[in-house]
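Following: one structure in structure tokens, then a few remarks.
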Amino acid sequence: MEDIRKNLLIDIVIALILAAIVLFFIRPTVVKQTSMQDTLQPNDYLIMYKRAYVNKTPQRGDIVIFQSSLTTESGKRKLLIKRVIGLPGDIITIKDDQLYINGEKYEEDYLRDGVTSGDIENLEVPKEKYFVMGDNRLVSVDSRYDEVGCVSLGNIKGKAVFRLYPFNKIGKL
């Protein structure tokens with residue numbers, strides 16, 4: 001009987017350690033909106049790597065989850081998921097439905113409609129901030145809008161790294 005208790009206690013301790021490790025490093029996330037279509041769809045189930053930016057900084061093209069100043073009906077600050085477009089010090093221009101980074105036209109094959117609406121002239125991305133946009137630019141509320149603006153590194157909660165659902169699209173992002 002004592003062996004059974006000992007084994008049960010060992011199993012419980014191992015399970016708790018594994019659960020703590022998983023909760024410390026990753027977080028499941030469900031896509032709620034259409035701003036990242038066609039890359040991500042509503043109800044896609046993702047894994048966010050919470051420690052992605054502990055020792056390094058976001059890179060252009062990373063899909064990040066961040067705390068915005070937008071609020072839900074209950075008053076909670078919304079988490080948004082967007083793609084990193086501009087890095088600190090980059091000059092962002094949007095004109096004639098095209099995106100320019102540091103004076104060069106930036107090609108994006110993941111865009112839903114192939115255009116970037118808006119009118120931004122030579123916006124310099126501040127230090128430790130990132131210019132983010134959704135892939136479905138016609139509906140995305142992102143850094144082009146004052147309500148979101150450039151996102152500070154401290155508000156980035158993690159990087160979307162893996163899609164678990166739907167099963168026919170399971171894999172690394």
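By convention here, the chains of the structure tokens are called A, B, ... in the order presented, each chain's residues are numbered starting at 1, and ligands are numbered starting at 1 in the order presented.
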
Among stretch 42-127 of chain A, which residues does DSSP mark as strand (DSSP E) when it is run on the backbone? Keep the chain and numbering as in the structure and answer as a PyMOL selection string.
chain A and resi 45-49+63-71+77-86+91-95+98-101+104-105+120-124

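All residues of stretch 1-96 of chain A that DSSP, run on the backbone, classes as helix (DSSP H, G or I) are Glu2, Asp3, Ile4, Arg5, Lys6, Asn7, Leu8, Leu9, Ile10, Asp11, Ile12, Val13, Ile14, Ala15, Leu16, Ile17, Leu18, Ala19, Ala20, Ile21, Val22, Leu23, Phe24 and Phe25 of chain A.
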
Could you give me, as CSV, a per-residue list for stretch 23-63 of chain A showing, wherever an atom lies at most 8 Å from an atom of stretch 79-95 of chain A, the closest pair of atoms and their distance in Å to one decimal, using only C-alpha atoms and sorting by chain then residue number from low to high?
```
residue,atom,partner,partner_atom,distance
A:Val31,CA,A:Ile81,CA,7.8
A:Ser35,CA,A:Lys82,CA,7.8
A:Met36,CA,A:Lys82,CA,6.7
A:Pro58,CA,A:Val84,CA,7.3
A:Gln59,CA,A:Val84,CA,6.8
A:Arg60,CA,A:Val84,CA,5.1
A:Gly61,CA,A:Val84,CA,5.2
A:Asp62,CA,A:Val84,CA,5.4
A:Ile63,CA,A:Arg83,CA,4.3
```

Residues of the last selection are to be written out with all heavy atoms, as a PDB file, in the first residue's frame.
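Here's the written file part19.pdb:
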```
ATOM      1  N   VAL A  31      -8.311  32.744 -31.949  1.00  0.00           N
ATOM      2  CA  VAL A  31      -8.516  33.923 -32.793  1.00  0.00           C
ATOM      3  C   VAL A  31     -10.003  34.267 -32.773  1.00  0.00           C
ATOM      4  O   VAL A  31     -10.848  33.397 -33.001  1.00  0.00           O
ATOM      5  CB  VAL A  31      -8.036  33.654 -34.239  1.00  0.00           C
ATOM      6  CG1 VAL A  31      -8.320  34.850 -35.134  1.00  0.00           C
ATOM      7  CG2 VAL A  31      -6.559  33.301 -34.245  1.00  0.00           C
ATOM      8  N   SER A  35      -9.260  40.062 -38.681  1.00  0.00           N
ATOM      9  CA  SER A  35      -8.205  40.977 -39.119  1.00  0.00           C
ATOM     10  C   SER A  35      -6.945  40.275 -39.624  1.00  0.00           C
ATOM     11  O   SER A  35      -6.119  40.900 -40.271  1.00  0.00           O
ATOM     12  CB  SER A  35      -7.824  41.949 -38.004  1.00  0.00           C
ATOM     13  OG  SER A  35      -7.154  41.272 -36.967  1.00  0.00           O
ATOM     14  N   MET A  36      -6.778  38.992 -39.349  1.00  0.00           N
ATOM     15  CA  MET A  36      -5.587  38.267 -39.810  1.00  0.00           C
ATOM     16  C   MET A  36      -5.902  37.278 -40.934  1.00  0.00           C
ATOM     17  O   MET A  36      -5.069  36.457 -41.298  1.00  0.00           O
ATOM     18  CB  MET A  36      -4.921  37.541 -38.640  1.00  0.00           C
ATOM     19  CG  MET A  36      -4.121  38.441 -37.727  1.00  0.00           C
ATOM     20  SD  MET A  36      -2.750  39.274 -38.539  1.00  0.00           S
ATOM     21  CE  MET A  36      -1.662  37.909 -38.905  1.00  0.00           C
ATOM     22  N   PRO A  58      11.140  41.284 -31.332  1.00  0.00           N
ATOM     23  CA  PRO A  58      10.305  40.866 -32.460  1.00  0.00           C
ATOM     24  C   PRO A  58      10.974  41.204 -33.792  1.00  0.00           C
ATOM     25  O   PRO A  58      11.679  42.207 -33.918  1.00  0.00           O
ATOM     26  CB  PRO A  58       9.030  41.690 -32.274  1.00  0.00           C
ATOM     27  CG  PRO A  58       8.987  42.007 -30.813  1.00  0.00           C
ATOM     28  CD  PRO A  58      10.424  42.181 -30.422  1.00  0.00           C
ATOM     29  N   GLN A  59      10.731  40.344 -34.760  1.00  0.00           N
ATOM     30  CA  GLN A  59      11.263  40.529 -36.106  1.00  0.00           C
ATOM     31  C   GLN A  59      10.116  40.832 -37.066  1.00  0.00           C
ATOM     32  O   GLN A  59       8.979  40.430 -36.816  1.00  0.00           O
ATOM     33  CB  GLN A  59      12.004  39.275 -36.561  1.00  0.00           C
ATOM     34  CG  GLN A  59      13.187  38.903 -35.679  1.00  0.00           C
ATOM     35  CD  GLN A  59      14.233  39.996 -35.638  1.00  0.00           C
ATOM     36  OE1 GLN A  59      14.770  40.390 -36.661  1.00  0.00           O
ATOM     37  NE2 GLN A  59      14.512  40.507 -34.438  1.00  0.00           N
ATOM     38  N   ARG A  60      10.434  41.502 -38.145  1.00  0.00           N
ATOM     39  CA  ARG A  60       9.436  41.787 -39.165  1.00  0.00           C
ATOM     40  C   ARG A  60       8.818  40.468 -39.640  1.00  0.00           C
ATOM     41  O   ARG A  60       9.519  39.505 -39.930  1.00  0.00           O
ATOM     42  CB  ARG A  60      10.095  42.519 -40.338  1.00  0.00           C
ATOM     43  CG  ARG A  60       9.119  43.169 -41.274  1.00  0.00           C
ATOM     44  CD  ARG A  60       9.763  43.948 -42.421  1.00  0.00           C
ATOM     45  NE  ARG A  60      11.062  44.531 -42.197  1.00  0.00           N
ATOM     46  CZ  ARG A  60      11.302  45.694 -41.578  1.00  0.00           C
ATOM     47  NH1 ARG A  60      10.306  46.402 -41.092  1.00  0.00           N
ATOM     48  NH2 ARG A  60      12.532  46.144 -41.453  1.00  0.00           N
ATOM     49  N   GLY A  61       7.508  40.420 -39.660  1.00  0.00           N
ATOM     50  CA  GLY A  61       6.797  39.215 -40.082  1.00  0.00           C
ATOM     51  C   GLY A  61       6.292  38.357 -38.934  1.00  0.00           C
ATOM     52  O   GLY A  61       5.423  37.511 -39.141  1.00  0.00           O
ATOM     53  N   ASP A  62       6.823  38.546 -37.722  1.00  0.00           N
ATOM     54  CA  ASP A  62       6.331  37.791 -36.573  1.00  0.00           C
ATOM     55  C   ASP A  62       4.858  38.106 -36.344  1.00  0.00           C
ATOM     56  O   ASP A  62       4.421  39.251 -36.499  1.00  0.00           O
ATOM     57  CB  ASP A  62       7.085  38.156 -35.295  1.00  0.00           C
ATOM     58  CG  ASP A  62       8.486  37.595 -35.225  1.00  0.00           C
ATOM     59  OD1 ASP A  62       8.913  36.891 -36.161  1.00  0.00           O
ATOM     60  OD2 ASP A  62       9.171  37.882 -34.208  1.00  0.00           O
ATOM     61  N   ILE A  63       4.105  37.104 -35.947  1.00  0.00           N
ATOM     62  CA  ILE A  63       2.712  37.302 -35.560  1.00  0.00           C
ATOM     63  C   ILE A  63       2.700  37.357 -34.035  1.00  0.00           C
ATOM     64  O   ILE A  63       3.072  36.387 -33.371  1.00  0.00           O
ATOM     65  CB  ILE A  63       1.809  36.181 -36.102  1.00  0.00           C
ATOM     66  CG1 ILE A  63       1.840  36.187 -37.632  1.00  0.00           C
ATOM     67  CG2 ILE A  63       0.382  36.354 -35.586  1.00  0.00           C
ATOM     68  CD1 ILE A  63       1.106  35.028 -38.277  1.00  0.00           C
TER      69      ILE A  63
END
```

To one decimal place, how far is atom CA of A:Val125 from atom CA of A:Val139 in Å?
22.2 Å

List as a PyMOL selection string the protein and nucleic acid residues near stretch 69-76 of chain A, meaning an atom at most 12 Å away when only C-alpha atoms are counted, but skip any in the same chain fewer than 3 places from it.
chain A and resi 66+79-80+141-143+145-152+155

Name all residues at most 12 Å from A:Tyr45 (count only C-alpha atoms; drop same-chain ones fewer than 3 positions away) and give them as number ranges by chain.
A: 27-32, 40-42, 48, 160-167, 169-171, 173

For those residues, write N, CA, C and O atoms to a file as a PDB file, in the first residue's frame.
```pdb
ATOM      1  N   ARG A  27       0.868  29.581 -23.974  1.00  0.00           N
ATOM      2  CA  ARG A  27      -0.517  29.898 -23.621  1.00  0.00           C
ATOM      3  C   ARG A  27      -1.385  29.617 -24.844  1.00  0.00           C
ATOM      4  O   ARG A  27      -1.086  30.087 -25.943  1.00  0.00           O
ATOM      5  N   PRO A  28      -2.454  28.862 -24.657  1.00  0.00           N
ATOM      6  CA  PRO A  28      -3.366  28.663 -25.777  1.00  0.00           C
ATOM      7  C   PRO A  28      -4.138  29.965 -26.048  1.00  0.00           C
ATOM      8  O   PRO A  28      -4.458  30.712 -25.132  1.00  0.00           O
ATOM      9  N   THR A  29      -4.388  30.237 -27.322  1.00  0.00           N
ATOM     10  CA  THR A  29      -5.073  31.459 -27.734  1.00  0.00           C
ATOM     11  C   THR A  29      -6.043  31.111 -28.856  1.00  0.00           C
ATOM     12  O   THR A  29      -5.697  30.340 -29.748  1.00  0.00           O
ATOM     13  N   VAL A  30      -7.221  31.707 -28.812  1.00  0.00           N
ATOM     14  CA  VAL A  30      -8.208  31.500 -29.858  1.00  0.00           C
ATOM     15  C   VAL A  30      -8.381  32.807 -30.620  1.00  0.00           C
ATOM     16  O   VAL A  30      -8.570  33.869 -30.021  1.00  0.00           O
ATOM     17  N   VAL A  31      -8.311  32.744 -31.949  1.00  0.00           N
ATOM     18  CA  VAL A  31      -8.516  33.923 -32.793  1.00  0.00           C
ATOM     19  C   VAL A  31     -10.003  34.267 -32.773  1.00  0.00           C
ATOM     20  O   VAL A  31     -10.848  33.397 -33.001  1.00  0.00           O
ATOM     21  N   LYS A  32     -10.325  35.529 -32.506  1.00  0.00           N
ATOM     22  CA  LYS A  32     -11.726  35.950 -32.406  1.00  0.00           C
ATOM     23  C   LYS A  32     -12.201  36.767 -33.604  1.00  0.00           C
ATOM     24  O   LYS A  32     -13.371  36.790 -33.905  1.00  0.00           O
ATOM     25  N   LEU A  40      -4.896  33.599 -40.622  1.00  0.00           N
ATOM     26  CA  LEU A  40      -5.604  33.031 -39.480  1.00  0.00           C
ATOM     27  C   LEU A  40      -7.090  33.306 -39.638  1.00  0.00           C
ATOM     28  O   LEU A  40      -7.477  34.381 -40.092  1.00  0.00           O
ATOM     29  N   GLN A  41      -7.891  32.342 -39.231  1.00  0.00           N
ATOM     30  CA  GLN A  41      -9.349  32.463 -39.322  1.00  0.00           C
ATOM     31  C   GLN A  41      -9.941  32.554 -37.920  1.00  0.00           C
ATOM     32  O   GLN A  41      -9.334  32.077 -36.956  1.00  0.00           O
ATOM     33  N   PRO A  42     -11.146  33.140 -37.801  1.00  0.00           N
ATOM     34  CA  PRO A  42     -11.822  33.104 -36.504  1.00  0.00           C
ATOM     35  C   PRO A  42     -11.949  31.650 -36.027  1.00  0.00           C
ATOM     36  O   PRO A  42     -12.203  30.743 -36.822  1.00  0.00           O
ATOM     37  N   MET A  48       0.694  30.321 -28.164  1.00  0.00           N
ATOM     38  CA  MET A  48       1.517  31.526 -28.056  1.00  0.00           C
ATOM     39  C   MET A  48       2.717  31.194 -27.175  1.00  0.00           C
ATOM     40  O   MET A  48       2.556  30.662 -26.071  1.00  0.00           O
ATOM     41  N   ALA A 160       2.740  34.117 -31.700  1.00  0.00           N
ATOM     42  CA  ALA A 160       1.958  32.969 -32.156  1.00  0.00           C
ATOM     43  C   ALA A 160       2.903  32.067 -32.945  1.00  0.00           C
ATOM     44  O   ALA A 160       3.506  32.501 -33.924  1.00  0.00           O
ATOM     45  N   VAL A 161       3.064  30.831 -32.503  1.00  0.00           N
ATOM     46  CA  VAL A 161       4.061  29.954 -33.112  1.00  0.00           C
ATOM     47  C   VAL A 161       3.481  28.695 -33.742  1.00  0.00           C
ATOM     48  O   VAL A 161       4.118  28.092 -34.603  1.00  0.00           O
ATOM     49  N   PHE A 162       2.281  28.286 -33.330  1.00  0.00           N
ATOM     50  CA  PHE A 162       1.759  27.003 -33.788  1.00  0.00           C
ATOM     51  C   PHE A 162       0.241  27.028 -33.815  1.00  0.00           C
ATOM     52  O   PHE A 162      -0.390  27.567 -32.915  1.00  0.00           O
ATOM     53  N   ARG A 163      -0.341  26.464 -34.885  1.00  0.00           N
ATOM     54  CA  ARG A 163      -1.802  26.336 -34.966  1.00  0.00           C
ATOM     55  C   ARG A 163      -2.163  24.891 -34.648  1.00  0.00           C
ATOM     56  O   ARG A 163      -1.664  23.964 -35.281  1.00  0.00           O
ATOM     57  N   LEU A 164      -3.042  24.709 -33.647  1.00  0.00           N
ATOM     58  CA  LEU A 164      -3.495  23.375 -33.262  1.00  0.00           C
ATOM     59  C   LEU A 164      -4.812  22.993 -33.934  1.00  0.00           C
ATOM     60  O   LEU A 164      -5.101  21.809 -34.111  1.00  0.00           O
ATOM     61  N   TYR A 165      -5.624  23.980 -34.255  1.00  0.00           N
ATOM     62  CA  TYR A 165      -6.932  23.730 -34.841  1.00  0.00           C
ATOM     63  C   TYR A 165      -7.268  24.853 -35.805  1.00  0.00           C
ATOM     64  O   TYR A 165      -6.953  26.003 -35.502  1.00  0.00           O
ATOM     65  N   PRO A 166      -7.861  24.565 -36.940  1.00  0.00           N
ATOM     66  CA  PRO A 166      -8.429  23.289 -37.374  1.00  0.00           C
ATOM     67  C   PRO A 166      -7.335  22.285 -37.734  1.00  0.00           C
ATOM     68  O   PRO A 166      -6.235  22.655 -38.127  1.00  0.00           O
ATOM     69  N   PHE A 167      -7.675  21.025 -37.586  1.00  0.00           N
ATOM     70  CA  PHE A 167      -6.691  19.966 -37.753  1.00  0.00           C
ATOM     71  C   PHE A 167      -6.106  19.913 -39.161  1.00  0.00           C
ATOM     72  O   PHE A 167      -4.961  19.525 -39.334  1.00  0.00           O
ATOM     73  N   LYS A 169      -5.161  22.321 -40.833  1.00  0.00           N
ATOM     74  CA  LYS A 169      -4.170  23.390 -40.952  1.00  0.00           C
ATOM     75  C   LYS A 169      -3.171  23.361 -39.803  1.00  0.00           C
ATOM     76  O   LYS A 169      -2.479  24.347 -39.560  1.00  0.00           O
ATOM     77  N   ILE A 170      -3.099  22.272 -39.082  1.00  0.00           N
ATOM     78  CA  ILE A 170      -2.212  22.171 -37.931  1.00  0.00           C
ATOM     79  C   ILE A 170      -0.761  22.365 -38.386  1.00  0.00           C
ATOM     80  O   ILE A 170      -0.372  21.927 -39.461  1.00  0.00           O
ATOM     81  N   GLY A 171      -0.003  23.111 -37.591  1.00  0.00           N
ATOM     82  CA  GLY A 171       1.406  23.282 -37.914  1.00  0.00           C
ATOM     83  C   GLY A 171       1.972  24.620 -37.463  1.00  0.00           C
ATOM     84  O   GLY A 171       1.269  25.471 -36.915  1.00  0.00           O
ATOM     85  N   LEU A 173       3.473  28.337 -37.502  1.00  0.00           N
ATOM     86  CA  LEU A 173       3.087  29.565 -38.190  1.00  0.00           C
ATOM     87  C   LEU A 173       4.324  30.291 -38.696  1.00  0.00           C
ATOM     88  O   LEU A 173       5.384  30.196 -38.165  1.00  0.00           O
TER      89      LEU A 173
END
```

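Rounded to one decimal, atom CA of A:Thr39 and atom CA of A:Asp109 lie 10.5 Å from each other.
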
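Coordinates place atom CA of A:Lys78 at a distance of 25.1 Å from atom CA of A:Asp119.
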
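Minimum distance to A:Leu46 across A:Glu121, A:Gly158, A:Arg77, A:Val115 (counting only C-alpha atoms) occurs at A:Gly158.
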
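Among the candidates A:Tyr100, A:Thr34, A:Ile47, A:Ile12, the one nearest to A:Arg112 when counting only C-alpha atoms is A:Thr34.
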
Considering only C-alpha atoms, return as number ranges by chain whatever protein or nucleic-acid residues lie within 8 Å of A:Ala52, sequence-local ones (same chain, fewer than 3 positions apart) excluded.
A: 49, 55-56, 158-159

Filtering to N, CA and C atoms, could you give me those residues as a compact mmCIF listing (two decimals), in the first residue's frame?
```
# COMPACT_ATOMS: atom_id res chain seq x y z
N TYR A 49 3.91 31.51 -27.67
CA TYR A 49 5.13 31.33 -26.89
C TYR A 49 5.35 32.60 -26.09
N ASN A 55 14.83 37.29 -24.52
CA ASN A 55 16.23 37.54 -24.87
C ASN A 55 16.42 38.04 -26.30
N LYS A 56 15.35 38.24 -27.01
CA LYS A 56 15.45 38.80 -28.36
C LYS A 56 14.23 39.66 -28.64
N GLY A 158 3.43 37.78 -26.37
CA GLY A 158 4.09 36.61 -26.92
C GLY A 158 3.94 36.52 -28.42
N LYS A 159 4.48 35.44 -28.96
CA LYS A 159 4.49 35.20 -30.40
C LYS A 159 3.63 33.98 -30.71
```
